[in-house]
>>> print(open('final-v3.pdb').read())   # PDB, C-alpha atoms
ATOM      1  CA  ARG J  39      17.285   5.365   5.329  1.00  0.00           C
ATOM      2  CA  MET J  40      20.042   3.456   3.531  1.00  0.00           C
ATOM      3  CA  PHE J  41      17.305   1.693   1.532  1.00  0.00           C
ATOM      4  CA  THR J  42      14.748   3.207  -0.806  1.00  0.00           C
ATOM      5  CA  LEU J  43      11.854   1.977  -2.939  1.00  0.00           C
ATOM      6  CA  VAL J  44      11.945   2.276  -6.721  1.00  0.00           C
ATOM      7  CA  GLU J  45       8.881   1.770  -8.900  1.00  0.00           C
ATOM      8  CA  MET J  46       9.435  -0.135 -12.137  1.00  0.00           C
ATOM      9  CA  LYS J  47       7.506  -1.229 -15.208  1.00  0.00           C
ATOM     10  CA  ASP J  48       8.784  -4.075 -17.364  1.00  0.00           C
ATOM     11  CA  ALA J  49       7.668  -6.879 -19.651  1.00  0.00           C
ATOM     12  CA  ILE J  50       8.815  -9.958 -17.751  1.00  0.00           C
ATOM     13  CA  PRO J  51       9.481 -13.097 -19.839  1.00  0.00           C
ATOM     14  CA  ILE J  52       8.136 -16.273 -18.241  1.00  0.00           C
ATOM     15  CA  PRO J  53       9.838 -19.420 -19.613  1.00  0.00           C
ATOM     16  CA  ALA J  54       7.715 -22.421 -20.542  1.00  0.00           C
ATOM     17  CA  SER J  55       8.982 -24.332 -17.488  1.00  0.00           C
ATOM     18  CA  GLU J  56       7.402 -21.700 -15.189  1.00  0.00           C
ATOM     19  CA  LEU J  57       4.001 -21.428 -16.863  1.00  0.00           C
ATOM     20  CA  GLY J  58       2.452 -24.050 -14.575  1.00  0.00           C
ATOM     21  CA  LYS J  59       2.924 -21.793 -11.538  1.00  0.00           C
ATOM     22  CA  PRO J  60       0.490 -19.069 -10.460  1.00  0.00           C
ATOM     23  CA  ARG J  61       1.214 -15.905 -12.430  1.00  0.00           C
ATOM     24  CA  PRO J  62       2.212 -13.760  -9.424  1.00  0.00           C
ATOM     25  CA  VAL J  63       4.673 -16.433  -8.275  1.00  0.00           C
ATOM     26  CA  ALA J  64       6.182 -16.960 -11.727  1.00  0.00           C
ATOM     27  CA  VAL J  65       6.518 -13.222 -12.387  1.00  0.00           C
ATOM     28  CA  SER J  66       7.994 -12.550  -8.933  1.00  0.00           C
ATOM     29  CA  ASN J  67      10.583 -15.287  -9.436  1.00  0.00           C
ATOM     30  CA  GLN J  68      11.679 -13.854 -12.782  1.00  0.00           C
ATOM     31  CA  ILE J  69      11.842 -10.305 -11.418  1.00  0.00           C
ATOM     32  CA  GLU J  70      14.095 -11.526  -8.609  1.00  0.00           C
ATOM     33  CA  ASN J  71      16.300 -13.370 -11.115  1.00  0.00           C
ATOM     34  CA  LYS J  72      16.583 -10.326 -13.369  1.00  0.00           C
ATOM     35  CA  TYR J  73      17.001  -7.483 -10.877  1.00  0.00           C
ATOM     36  CA  CYS J  74      18.405  -8.776  -7.580  1.00  0.00           C
ATOM     37  CA  ASN J  75      22.038  -7.790  -6.994  1.00  0.00           C
ATOM     38  CA  ARG J  76      21.911  -5.604 -10.098  1.00  0.00           C
ATOM     39  CA  VAL J  77      22.857  -1.929 -10.166  1.00  0.00           C
ATOM     40  CA  LEU J  78      20.110   0.372 -11.391  1.00  0.00           C
ATOM     41  CA  LEU J  79      21.690   3.489 -12.892  1.00  0.00           C
ATOM     42  CA  ASP J  80      21.110   6.580 -10.727  1.00  0.00           C
ATOM     43  CA  ALA J  81      19.055   4.467  -8.283  1.00  0.00           C
ATOM     44  CA  GLY J  82      21.323   2.004  -6.453  1.00  0.00           C
ATOM     45  CA  LEU J  83      21.822  -1.708  -5.867  1.00  0.00           C
ATOM     46  CA  CYS J  84      18.644  -3.788  -6.064  1.00  0.00           C
ATOM     47  CA  VAL J  85      18.299  -5.967  -2.965  1.00  0.00           C
ATOM     48  CA  CYS J  86      14.960  -7.686  -3.563  1.00  0.00           C
ATOM     49  CA  LEU J  87      11.430  -7.378  -4.895  1.00  0.00           C
ATOM     50  CA  HIS J  88       9.340  -5.391  -2.424  1.00  0.00           C
ATOM     51  CA  GLU J  89       5.881  -5.516  -3.990  1.00  0.00           C
ATOM     52  CA  LEU J  90       4.218  -6.788  -7.135  1.00  0.00           C
ATOM     53  CA  ALA J  91       1.671  -4.035  -7.809  1.00  0.00           C
ATOM     54  CA  ASP J  92      -0.005  -4.955 -11.079  1.00  0.00           C
ATOM     55  CA  LEU J  93       0.070  -7.603 -13.829  1.00  0.00           C
ATOM     56  CA  GLY J  94      -1.045  -7.034 -17.398  1.00  0.00           C
ATOM     57  CA  ASP J  95      -1.761  -9.329 -20.289  1.00  0.00           C
ATOM     58  CA  GLY J  96       0.711 -11.909 -21.502  1.00  0.00           C
ATOM     59  CA  LEU J  97       2.270 -11.503 -24.952  1.00  0.00           C
ATOM     60  CA  ILE J  98       3.789 -14.227 -27.109  1.00  0.00           C
ATOM     61  CA  TYR J  99       6.356 -13.364 -29.754  1.00  0.00           C
ATOM     62  CA  GLN J 100       7.277 -15.412 -32.803  1.00  0.00           C
ATOM     63  CA  SER J 101      10.195 -17.815 -32.239  1.00  0.00           C
ATOM     64  CA  ASP J 102      10.018 -17.242 -28.471  1.00  0.00           C
ATOM     65  CA  ALA J 103       8.540 -19.882 -26.165  1.00  0.00           C
ATOM     66  CA  SER J 104       8.294 -17.442 -23.272  1.00  0.00           C
ATOM     67  CA  VAL J 105       5.184 -15.486 -22.337  1.00  0.00           C
ATOM     68  CA  HIS J 106       5.979 -11.809 -21.731  1.00  0.00           C
ATOM     69  CA  ILE J 107       3.819 -10.338 -18.972  1.00  0.00           C
ATOM     70  CA  ARG J 108       3.696  -6.605 -18.406  1.00  0.00           C
ATOM     71  CA  ALA J 109       4.220  -5.886 -14.731  1.00  0.00           C
ATOM     72  CA  LYS J 110       4.368  -2.928 -12.377  1.00  0.00           C
ATOM     73  CA  PHE J 111       6.405  -3.557  -9.248  1.00  0.00           C
ATOM     74  CA  THR J 112       8.517  -1.981  -6.521  1.00  0.00           C
ATOM     75  CA  LEU J 113      12.118  -2.870  -5.769  1.00  0.00           C
ATOM     76  CA  LEU J 114      14.001  -2.413  -2.502  1.00  0.00           C
ATOM     77  CA  VAL J 115      17.218  -0.607  -3.424  1.00  0.00           C
ATOM     78  CA  PHE J 116      20.353   0.107  -1.404  1.00  0.00           C
ATOM     79  CA  ARG J 117      21.479   3.718  -1.711  1.00  0.00           C
ATOM     80  CA  PRO J 118      22.493   5.519   1.476  1.00  0.00           C
ATOM     81  CA  PHE J 119      21.848   9.246   1.566  1.00  0.00           C
ATOM     82  CA  ILE J 120      24.639  11.808   1.711  1.00  0.00           C
ATOM     83  CA  GLY J 121      25.555  12.505   5.332  1.00  0.00           C
ATOM     84  CA  GLU J 122      24.255   9.154   6.602  1.00  0.00           C
ATOM     85  CA  VAL J 123      26.461   7.526   9.252  1.00  0.00           C
ATOM     86  CA  MET J 124      26.915   3.764   8.878  1.00  0.00           C
ATOM     87  CA  VAL J 125      29.088   0.950  10.219  1.00  0.00           C
ATOM     88  CA  GLY J 126      30.987  -1.485   8.021  1.00  0.00           C
ATOM     89  CA  SER J 127      34.078  -3.654   8.109  1.00  0.00           C
ATOM     90  CA  ILE J 128      37.423  -3.126   6.401  1.00  0.00           C
ATOM     91  CA  HIS J 129      37.348  -5.052   3.129  1.00  0.00           C
ATOM     92  CA  LYS J 130      40.582  -4.051   1.417  1.00  0.00           C
ATOM     93  CA  SER J 131      43.442  -1.605   1.827  1.00  0.00           C
ATOM     94  CA  THR J 132      45.316  -0.116  -1.161  1.00  0.00           C
ATOM     95  CA  PRO J 133      47.592   2.915  -1.632  1.00  0.00           C
ATOM     96  CA  ASN J 134      44.627   4.680  -3.246  1.00  0.00           C
ATOM     97  CA  GLY J 135      42.414   4.325  -0.183  1.00  0.00           C
ATOM     98  CA  LEU J 136      40.367   2.073   2.055  1.00  0.00           C
ATOM     99  CA  TRP J 137      37.495  -0.177   0.934  1.00  0.00           C
ATOM    100  CA  LEU J 138      34.694  -1.079   3.357  1.00  0.00           C
ATOM    101  CA  SER J 139      31.945  -3.693   3.260  1.00  0.00           C
ATOM    102  CA  VAL J 140      28.471  -3.890   4.790  1.00  0.00           C
ATOM    103  CA  GLY J 141      28.143  -7.588   3.978  1.00  0.00           C
ATOM    104  CA  PHE J 142      26.063  -7.547   0.815  1.00  0.00           C
ATOM    105  CA  PHE J 143      27.892  -4.520  -0.628  1.00  0.00           C
ATOM    106  CA  ASP J 144      31.651  -3.971  -0.563  1.00  0.00           C
ATOM    107  CA  HIS J 145      32.159  -0.964  -2.845  1.00  0.00           C
ATOM    108  CA  ILE J 146      32.416   1.704  -0.145  1.00  0.00           C
ATOM    109  CA  PHE J 147      35.560   3.756  -0.694  1.00  0.00           C
ATOM    110  CA  ILE J 148      37.426   6.151   1.601  1.00  0.00           C
ATOM    111  CA  PRO J 149      40.116   8.194  -0.192  1.00  0.00           C
ATOM    112  CA  PRO J 150      43.151   9.387   1.780  1.00  0.00           C
ATOM    113  CA  HIS J 151      41.913  12.986   2.085  1.00  0.00           C
ATOM    114  CA  PHE J 152      38.830  11.724   3.931  1.00  0.00           C
ATOM    115  CA  MET J 153      40.861   9.787   6.517  1.00  0.00           C
ATOM    116  CA  LEU J 154      41.865  11.129   9.915  1.00  0.00           C
ATOM    117  CA  ASP J 155      44.819  13.495   9.996  1.00  0.00           C
ATOM    118  CA  GLY J 156      47.948  11.460  10.596  1.00  0.00           C
ATOM    119  CA  SER J 157      46.875   8.531   8.432  1.00  0.00           C
ATOM    120  CA  GLU J 158      49.736   7.136   6.362  1.00  0.00           C
ATOM    121  CA  TRP J 159      50.176   4.271   3.920  1.00  0.00           C
ATOM    122  CA  ASP J 160      52.693   1.701   5.194  1.00  0.00           C
ATOM    123  CA  PRO J 161      54.245   0.069   2.093  1.00  0.00           C
ATOM    124  CA  GLU J 162      55.795  -2.768   4.116  1.00  0.00           C
ATOM    125  CA  GLN J 163      52.581  -3.841   5.857  1.00  0.00           C
ATOM    126  CA  LYS J 164      50.483  -2.690   2.876  1.00  0.00           C
ATOM    127  CA  LEU J 165      48.069  -1.065   5.308  1.00  0.00           C
ATOM    128  CA  TRP J 166      46.806   2.349   6.260  1.00  0.00           C
ATOM    129  CA  VAL J 167      48.040   3.361   9.706  1.00  0.00           C
ATOM    130  CA  TRP J 168      46.682   6.163  11.851  1.00  0.00           C
ATOM    131  CA  LYS J 169      49.524   7.740  13.819  1.00  0.00           C
ATOM    132  CA  SER J 170      48.503   9.745  16.856  1.00  0.00           C
ATOM    133  CA  GLU J 171      49.850  10.803  20.248  1.00  0.00           C
ATOM    134  CA  HIS J 172      48.272   7.649  21.696  1.00  0.00           C
ATOM    135  CA  GLY J 173      50.190   5.331  19.356  1.00  0.00           C
ATOM    136  CA  ASP J 174      49.744   3.766  15.936  1.00  0.00           C
ATOM    137  CA  ALA J 175      46.526   2.017  14.886  1.00  0.00           C
ATOM    138  CA  ALA J 176      46.613  -0.179  11.783  1.00  0.00           C
ATOM    139  CA  LEU J 177      43.495  -0.361   9.615  1.00  0.00           C
ATOM    140  CA  ASP J 178      43.932  -4.062   8.937  1.00  0.00           C
ATOM    141  CA  PRO J 179      41.392  -5.966   6.768  1.00  0.00           C
ATOM    142  CA  GLU J 180      42.520  -9.246   8.351  1.00  0.00           C
ATOM    143  CA  LEU J 181      41.085  -8.167  11.700  1.00  0.00           C
ATOM    144  CA  GLY J 182      37.607  -7.514  10.317  1.00  0.00           C
ATOM    145  CA  SER J 183      37.482  -4.344  12.386  1.00  0.00           C
ATOM    146  CA  GLN J 184      34.258  -2.339  12.453  1.00  0.00           C
ATOM    147  CA  VAL J 185      34.467   1.189  11.045  1.00  0.00           C
ATOM    148  CA  ARG J 186      31.958   3.999  11.516  1.00  0.00           C
ATOM    149  CA  PHE J 187      31.846   6.237   8.433  1.00  0.00           C
ATOM    150  CA  ARG J 188      29.838   9.063   6.895  1.00  0.00           C
ATOM    151  CA  VAL J 189      28.564   8.865   3.301  1.00  0.00           C
ATOM    152  CA  THR J 190      29.820  11.761   1.162  1.00  0.00           C
ATOM    153  CA  ASN J 191      28.623  10.805  -2.325  1.00  0.00           C
ATOM    154  CA  SER J 192      27.318   8.073  -4.620  1.00  0.00           C
ATOM    155  CA  VAL J 193      29.042   7.401  -7.942  1.00  0.00           C
ATOM    156  CA  PHE J 194      27.396   5.635 -10.877  1.00  0.00           C
ATOM    157  CA  ARG J 195      29.358   4.465 -13.904  1.00  0.00           C
ATOM    158  CA  PRO J 196      27.463   3.568 -17.084  1.00  0.00           C
ATOM    159  CA  VAL J 197      28.115   0.198 -18.669  1.00  0.00           C
ATOM    160  CA  GLU J 198      30.659   0.483 -21.463  1.00  0.00           C
ATOM    161  CA  ARG J 199      29.274  -0.890 -24.685  1.00  0.00           C
ATOM    162  CA  PRO J 200      31.435  -3.233 -26.836  1.00  0.00           C
ATOM    163  CA  SER J 201      33.743  -1.460 -29.240  1.00  0.00           C
ATOM    164  CA  GLN J 202      32.630  -1.220 -32.871  1.00  0.00           C
ATOM    165  CA  ALA J 203      36.233  -1.058 -34.038  1.00  0.00           C
ATOM    166  CA  PRO J 204      37.671  -3.733 -36.371  1.00  0.00           C
ATOM    167  CA  PRO J 205      38.920  -6.886 -34.541  1.00  0.00           C
ATOM    168  CA  ALA J 206      42.600  -5.973 -34.896  1.00  0.00           C
ATOM    169  CA  ALA J 207      42.035  -2.476 -33.521  1.00  0.00           C
ATOM    170  CA  ALA J 208      39.867  -3.790 -30.684  1.00  0.00           C
ATOM    171  CA  ALA J 209      42.533  -6.345 -29.743  1.00  0.00           C
ATOM    172  CA  SER J 210      45.171  -3.600 -29.651  1.00  0.00           C
ATOM    173  CA  ALA J 211      42.938  -1.494 -27.424  1.00  0.00           C
ATOM    174  CA  VAL J 212      42.406  -4.400 -25.017  1.00  0.00           C
ATOM    175  CA  ALA J 213      46.148  -5.024 -24.869  1.00  0.00           C
ATOM    176  CA  ALA J 214      46.792  -1.344 -24.167  1.00  0.00           C
ATOM    177  CA  VAL J 215      44.235  -1.315 -21.348  1.00  0.00           C
ATOM    178  CA  ALA J 216      45.715  -4.491 -19.848  1.00  0.00           C
ATOM    179  CA  GLU J 217      49.204  -2.984 -19.952  1.00  0.00           C
ATOM    180  CA  HIS J 218      47.953   0.207 -18.317  1.00  0.00           C
ATOM    181  CA  ASP J 219      46.200  -1.733 -15.559  1.00  0.00           C
ATOM    182  CA  ASP J 220      49.395  -3.628 -14.783  1.00  0.00           C
ATOM    183  CA  ASP J 221      51.166  -0.338 -14.169  1.00  0.00           C
ATOM    184  CA  ASP J 222      48.444   1.360 -12.166  1.00  0.00           C
ATOM    185  CA  ASP J 223      46.076  -0.390  -9.762  1.00  0.00           C
ATOM    186  CA  GLU J 224      43.928   2.720  -9.457  1.00  0.00           C
ATOM    187  CA  HIS J 225      41.509   1.159 -11.956  1.00  0.00           C
ATOM    188  CA  ASP J 226      41.340  -2.333 -10.437  1.00  0.00           C
ATOM    189  CA  ASP J 227      38.066  -1.395  -8.772  1.00  0.00           C
ATOM    190  CA  GLN J 228      35.652   0.484 -10.990  1.00  0.00           C
ATOM    191  CA  PRO J 229      32.246  -0.781  -9.853  1.00  0.00           C
ATOM    192  CA  LEU J 230      29.070   0.398 -11.554  1.00  0.00           C
ATOM    193  CA  PHE J 231      27.891   1.788  -8.209  1.00  0.00           C
ATOM    194  CA  GLN J 232      30.264   3.083  -5.570  1.00  0.00           C
ATOM    195  CA  VAL J 233      29.659   4.840  -2.262  1.00  0.00           C
ATOM    196  CA  MET J 234      32.229   7.457  -1.267  1.00  0.00           C
ATOM    197  CA  ALA J 235      32.774   7.928   2.466  1.00  0.00           C
ATOM    198  CA  SER J 236      34.712   9.772   5.136  1.00  0.00           C
ATOM    199  CA  ILE J 237      36.127   8.934   8.570  1.00  0.00           C
ATOM    200  CA  LYS J 238      37.611  12.374   9.163  1.00  0.00           C
ATOM    201  CA  ASP J 239      35.312  13.569  11.948  1.00  0.00           C
ATOM    202  CA  ASP J 240      35.051  12.920  15.683  1.00  0.00           C
ATOM    203  CA  GLY J 241      33.229   9.678  16.405  1.00  0.00           C
ATOM    204  CA  LEU J 242      34.195   8.172  13.048  1.00  0.00           C
ATOM    205  CA  GLY J 243      36.862   5.573  12.255  1.00  0.00           C
ATOM    206  CA  LEU J 244      37.446   2.329  14.104  1.00  0.00           C
ATOM    207  CA  VAL J 245      34.528   1.750  16.444  1.00  0.00           C
ATOM    208  CA  ILE J 246      36.848   0.617  19.239  1.00  0.00           C
ATOM    209  CA  TRP J 247      38.517   4.042  19.237  1.00  0.00           C
ATOM    210  CA  TRP J 248      35.373   5.604  20.692  1.00  0.00           C
ATOM    211  CA  GLU J 249      34.222   2.874  23.087  1.00  0.00           C
TER
END
>>> encode(input="final-v3.pdb", output="structure tokens")
Amino acid sequence: RMFTLVEMKDAIPIPASELGKPRPVAVSNQIENKYCNRVLLDAGLCVCLHELADLGDGLIYQSDASVHIRAKFTLLVFRPFIGEVMVGSIHKSTPNGLWLSVGFFDHIFIPPHFMLDGSEWDPEQKLWVWKSEHGDAALDPELGSQVRFRVTNSVFRPVERPSQAPPAAAASAVAAVAEHDDDDDEHDDQPLFQVMASIKDDGLGLVIWWE
């Protein structure tokens, strides 16, 4: 259930170098190039082309050597549902929370309030540590430990368009943002698509805890 199918319609440009190939092959290749590993707003991360459903006529525009073919197709998209339980590995640990990876996607975030009670940030080790009556367990990215987590939400961030401000004003804004980022690493990871997760229930957390 972590994957879903999304139907799309698009005019796919086929460059002159691809025109010698069969149309389904050429169009499929260009769809893969355009959409794979791309975030579709409010849909998820495109993994691959699932099905090429229909091809229309090719259109040629002035001053463009490509042939634009209207296509209807289905994409396989990664977007786990809320409440889904998954297993990933620890990707990164910061004071703001824990980042997990499932291999092809590493923007899974666990904030401190969704960690097990007793979890504390260790500034010396720069790790989250779960302190319990059985001892301390470090959530160390270097170990590549497997973590079982529950999805709590999906967050989509729209692409910010370039500023229309005059060059001098834009440069000042960029400098201000850079200075702010140096002071606060909370914004060092603002992916277009982010999965929020929790390990605060029985059976969740490091897999080895429950074996």
>>> resolve_selection(input="final-v3.pdb", expression="the PyMOL selection byres ((chain J and resi 230-246) around 6)", output="NGL selection string")
:J and (145-148 or 152-154 or 184-195 or 229 or 247-249)
>>> atom_distance(input="final-v3.pdb", atom1="atom CA of J:Ala54", atom2="atom CA of J:Asn67")
13.5 Å
>>> atom_distance(input="final-v3.pdb", atom1="atom CA of J:Glu89", atom2="atom CA of J:Ala109")
10.9 Å
>>> residues_around(input="final-v3.pdb", residues="J:Ile50", least_positions_apart="4", cutoff="9 Å", atoms="only C-alpha atoms", output="mmCIF file with C-alpha atoms, in the coordinates of the input")
data_model
loop_
_atom_site.group_PDB
_atom_site.id
_atom_site.type_symbol
_atom_site.label_atom_id
_atom_site.label_comp_id
_atom_site.auth_asym_id
_atom_site.auth_seq_id
_atom_site.Cartn_x
_atom_site.Cartn_y
_atom_site.Cartn_z
ATOM 1 C CA VAL J 65 6.518 -13.222 -12.387
ATOM 2 C CA GLN J 68 11.679 -13.854 -12.782
ATOM 3 C CA ILE J 69 11.842 -10.305 -11.418
ATOM 4 C CA LYS J 72 16.583 -10.326 -13.369
ATOM 5 C CA VAL J 105 5.184 -15.486 -22.337
ATOM 6 C CA HIS J 106 5.979 -11.809 -21.731
ATOM 7 C CA ILE J 107 3.819 -10.338 -18.972
ATOM 8 C CA ARG J 108 3.696 -6.605 -18.406
ATOM 9 C CA ALA J 109 4.220 -5.886 -14.731
#
>>> residues_around(input="final-v3.pdb", residues="J:Leu43", least_positions_apart="3", cutoff="7 Å", atoms="only C-alpha atoms", output="number ranges by chain")
J: 112-115
>>> atom_distance(input="final-v3.pdb", atom1="atom CA of J:Lys164", atom2="atom CA of J:Met124")
25.2 Å
>>> resolve_selection(input="final-v3.pdb", expression="the PyMOL selection byres ((chain J and resi 177-180) around 7)", output="list of chain:residue names")
J:Ile128, J:His129, J:Lys130, J:Ser131, J:Leu165, J:Trp166, J:Val167, J:Ala175, J:Ala176, J:Leu181, J:Gly182
>>> closest_residue(input="final-v3.pdb", among="J:Gly121, J:Pro161, J:Gly156, J:Pro62", to="J:Asn134", atoms="all atoms listed in the file")
J:Pro161
>>> closest_residue(input="final-v3.pdb", among="J:Gln228, J:Ser66, J:Asn75, J:Gln163", to="J:Phe116", atoms="only C-alpha atoms")
J:Asn75
>>> resolve_selection(input="final-v3.pdb", expression="the PyMOL selection byres ((chain J and resi 117) around 8)", output="PDB file with C-alpha atoms, in the coordinates of the input")
ATOM      1  CA  MET J  40      20.042   3.456   3.531  1.00  0.00           C
ATOM      2  CA  PHE J  41      17.305   1.693   1.532  1.00  0.00           C
ATOM      3  CA  THR J  42      14.748   3.207  -0.806  1.00  0.00           C
ATOM      4  CA  ALA J  81      19.055   4.467  -8.283  1.00  0.00           C
ATOM      5  CA  GLY J  82      21.323   2.004  -6.453  1.00  0.00           C
ATOM      6  CA  LEU J  83      21.822  -1.708  -5.867  1.00  0.00           C
ATOM      7  CA  VAL J 115      17.218  -0.607  -3.424  1.00  0.00           C
ATOM      8  CA  PHE J 116      20.353   0.107  -1.404  1.00  0.00           C
ATOM      9  CA  PRO J 118      22.493   5.519   1.476  1.00  0.00           C
ATOM     10  CA  PHE J 119      21.848   9.246   1.566  1.00  0.00           C
ATOM     11  CA  SER J 192      27.318   8.073  -4.620  1.00  0.00           C
TER      12      SER J 192
END
>>> closest_residue(input="final-v3.pdb", among="J:Met46, J:Leu136, J:Leu97, J:Ile120", to="J:Leu78", atoms="all atoms listed in the file")
J:Met46
>>> closest_residue(input="final-v3.pdb", among="J:Cys84, J:Val197, J:Ile98, J:Leu79", to="J:Ala49", atoms="all atoms listed in the file")
J:Ile98
>>> axis_aligned_box(input="final-v3.pdb", around="stretch 226-244 of chain J", padding_each_side="4 Å", output="JSON")
{"center_x": 34.6, "center_y": 5.6, "center_z": 2.4, "size_x": 21.4, "size_y": 23.9, "size_z": 36.0}
>>> closest_residue(input="final-v3.pdb", among="J:Ser104, J:Phe142, J:Leu57, J:Ala91", to="J:Cys74", atoms="all atoms listed in the file")
J:Phe142
>>> build_atoms(input="final-v3.pdb", residues="stretch 59-74 of chain J", atoms="N, CA, C and O atoms", output="PDB file, in the frame of the given file")
ATOM      1  N   LYS J  59       3.047 -22.438 -12.844  1.00  0.00           N
ATOM      2  CA  LYS J  59       2.924 -21.793 -11.538  1.00  0.00           C
ATOM      3  C   LYS J  59       1.918 -20.651 -11.607  1.00  0.00           C
ATOM      4  O   LYS J  59       1.646 -20.116 -12.681  1.00  0.00           O
ATOM      5  N   PRO J  60       1.358 -20.255 -10.472  1.00  0.00           N
ATOM      6  CA  PRO J  60       0.490 -19.069 -10.460  1.00  0.00           C
ATOM      7  C   PRO J  60       1.243 -17.856 -11.015  1.00  0.00           C
ATOM      8  O   PRO J  60       2.438 -17.689 -10.744  1.00  0.00           O
ATOM      9  N   ARG J  61       0.547 -17.026 -11.771  1.00  0.00           N
ATOM     10  CA  ARG J  61       1.214 -15.905 -12.430  1.00  0.00           C
ATOM     11  C   ARG J  61       1.988 -14.997 -11.478  1.00  0.00           C
ATOM     12  O   ARG J  61       3.136 -14.627 -11.767  1.00  0.00           O
ATOM     13  N   PRO J  62       1.429 -14.621 -10.324  1.00  0.00           N
ATOM     14  CA  PRO J  62       2.212 -13.760  -9.424  1.00  0.00           C
ATOM     15  C   PRO J  62       3.512 -14.417  -8.968  1.00  0.00           C
ATOM     16  O   PRO J  62       4.544 -13.744  -8.841  1.00  0.00           O
ATOM     17  N   VAL J  63       3.468 -15.720  -8.729  1.00  0.00           N
ATOM     18  CA  VAL J  63       4.673 -16.433  -8.275  1.00  0.00           C
ATOM     19  C   VAL J  63       5.703 -16.488  -9.394  1.00  0.00           C
ATOM     20  O   VAL J  63       6.902 -16.203  -9.187  1.00  0.00           O
ATOM     21  N   ALA J  64       5.269 -16.849 -10.593  1.00  0.00           N
ATOM     22  CA  ALA J  64       6.182 -16.960 -11.727  1.00  0.00           C
ATOM     23  C   ALA J  64       6.816 -15.610 -12.063  1.00  0.00           C
ATOM     24  O   ALA J  64       8.030 -15.512 -12.296  1.00  0.00           O
ATOM     25  N   VAL J  65       5.993 -14.558 -12.076  1.00  0.00           N
ATOM     26  CA  VAL J  65       6.518 -13.222 -12.387  1.00  0.00           C
ATOM     27  C   VAL J  65       7.473 -12.750 -11.296  1.00  0.00           C
ATOM     28  O   VAL J  65       8.547 -12.207 -11.589  1.00  0.00           O
ATOM     29  N   SER J  66       7.122 -12.963 -10.045  1.00  0.00           N
ATOM     30  CA  SER J  66       7.994 -12.550  -8.933  1.00  0.00           C
ATOM     31  C   SER J  66       9.349 -13.244  -9.013  1.00  0.00           C
ATOM     32  O   SER J  66      10.391 -12.612  -8.803  1.00  0.00           O
ATOM     33  N   ASN J  67       9.328 -14.540  -9.325  1.00  0.00           N
ATOM     34  CA  ASN J  67      10.583 -15.287  -9.436  1.00  0.00           C
ATOM     35  C   ASN J  67      11.480 -14.712 -10.526  1.00  0.00           C
ATOM     36  O   ASN J  67      12.698 -14.560 -10.343  1.00  0.00           O
ATOM     37  N   GLN J  68      10.887 -14.374 -11.674  1.00  0.00           N
ATOM     38  CA  GLN J  68      11.679 -13.854 -12.782  1.00  0.00           C
ATOM     39  C   GLN J  68      12.168 -12.434 -12.523  1.00  0.00           C
ATOM     40  O   GLN J  68      13.269 -12.062 -12.953  1.00  0.00           O
ATOM     41  N   ILE J  69      11.384 -11.642 -11.795  1.00  0.00           N
ATOM     42  CA  ILE J  69      11.842 -10.305 -11.418  1.00  0.00           C
ATOM     43  C   ILE J  69      13.050 -10.405 -10.489  1.00  0.00           C
ATOM     44  O   ILE J  69      14.041  -9.684 -10.646  1.00  0.00           O
ATOM     45  N   GLU J  70      12.959 -11.313  -9.523  1.00  0.00           N
ATOM     46  CA  GLU J  70      14.095 -11.526  -8.609  1.00  0.00           C
ATOM     47  C   GLU J  70      15.335 -11.955  -9.388  1.00  0.00           C
ATOM     48  O   GLU J  70      16.447 -11.461  -9.147  1.00  0.00           O
ATOM     49  N   ASN J  71      15.155 -12.881 -10.329  1.00  0.00           N
ATOM     50  CA  ASN J  71      16.300 -13.370 -11.115  1.00  0.00           C
ATOM     51  C   ASN J  71      16.929 -12.257 -11.943  1.00  0.00           C
ATOM     52  O   ASN J  71      18.150 -12.205 -12.107  1.00  0.00           O
ATOM     53  N   LYS J  72      16.084 -11.373 -12.475  1.00  0.00           N
ATOM     54  CA  LYS J  72      16.583 -10.326 -13.369  1.00  0.00           C
ATOM     55  C   LYS J  72      17.203  -9.149 -12.628  1.00  0.00           C
ATOM     56  O   LYS J  72      18.228  -8.605 -13.061  1.00  0.00           O
ATOM     57  N   TYR J  73      16.615  -8.753 -11.496  1.00  0.00           N
ATOM     58  CA  TYR J  73      17.001  -7.483 -10.877  1.00  0.00           C
ATOM     59  C   TYR J  73      17.837  -7.603  -9.611  1.00  0.00           C
ATOM     60  O   TYR J  73      18.600  -6.677  -9.292  1.00  0.00           O
ATOM     61  N   CYS J  74      17.690  -8.681  -8.859  1.00  0.00           N
ATOM     62  CA  CYS J  74      18.405  -8.776  -7.580  1.00  0.00           C
ATOM     63  C   CYS J  74      19.919  -8.733  -7.784  1.00  0.00           C
ATOM     64  O   CYS J  74      20.459  -9.384  -8.685  1.00  0.00           O
TER      65      CYS J  74
END
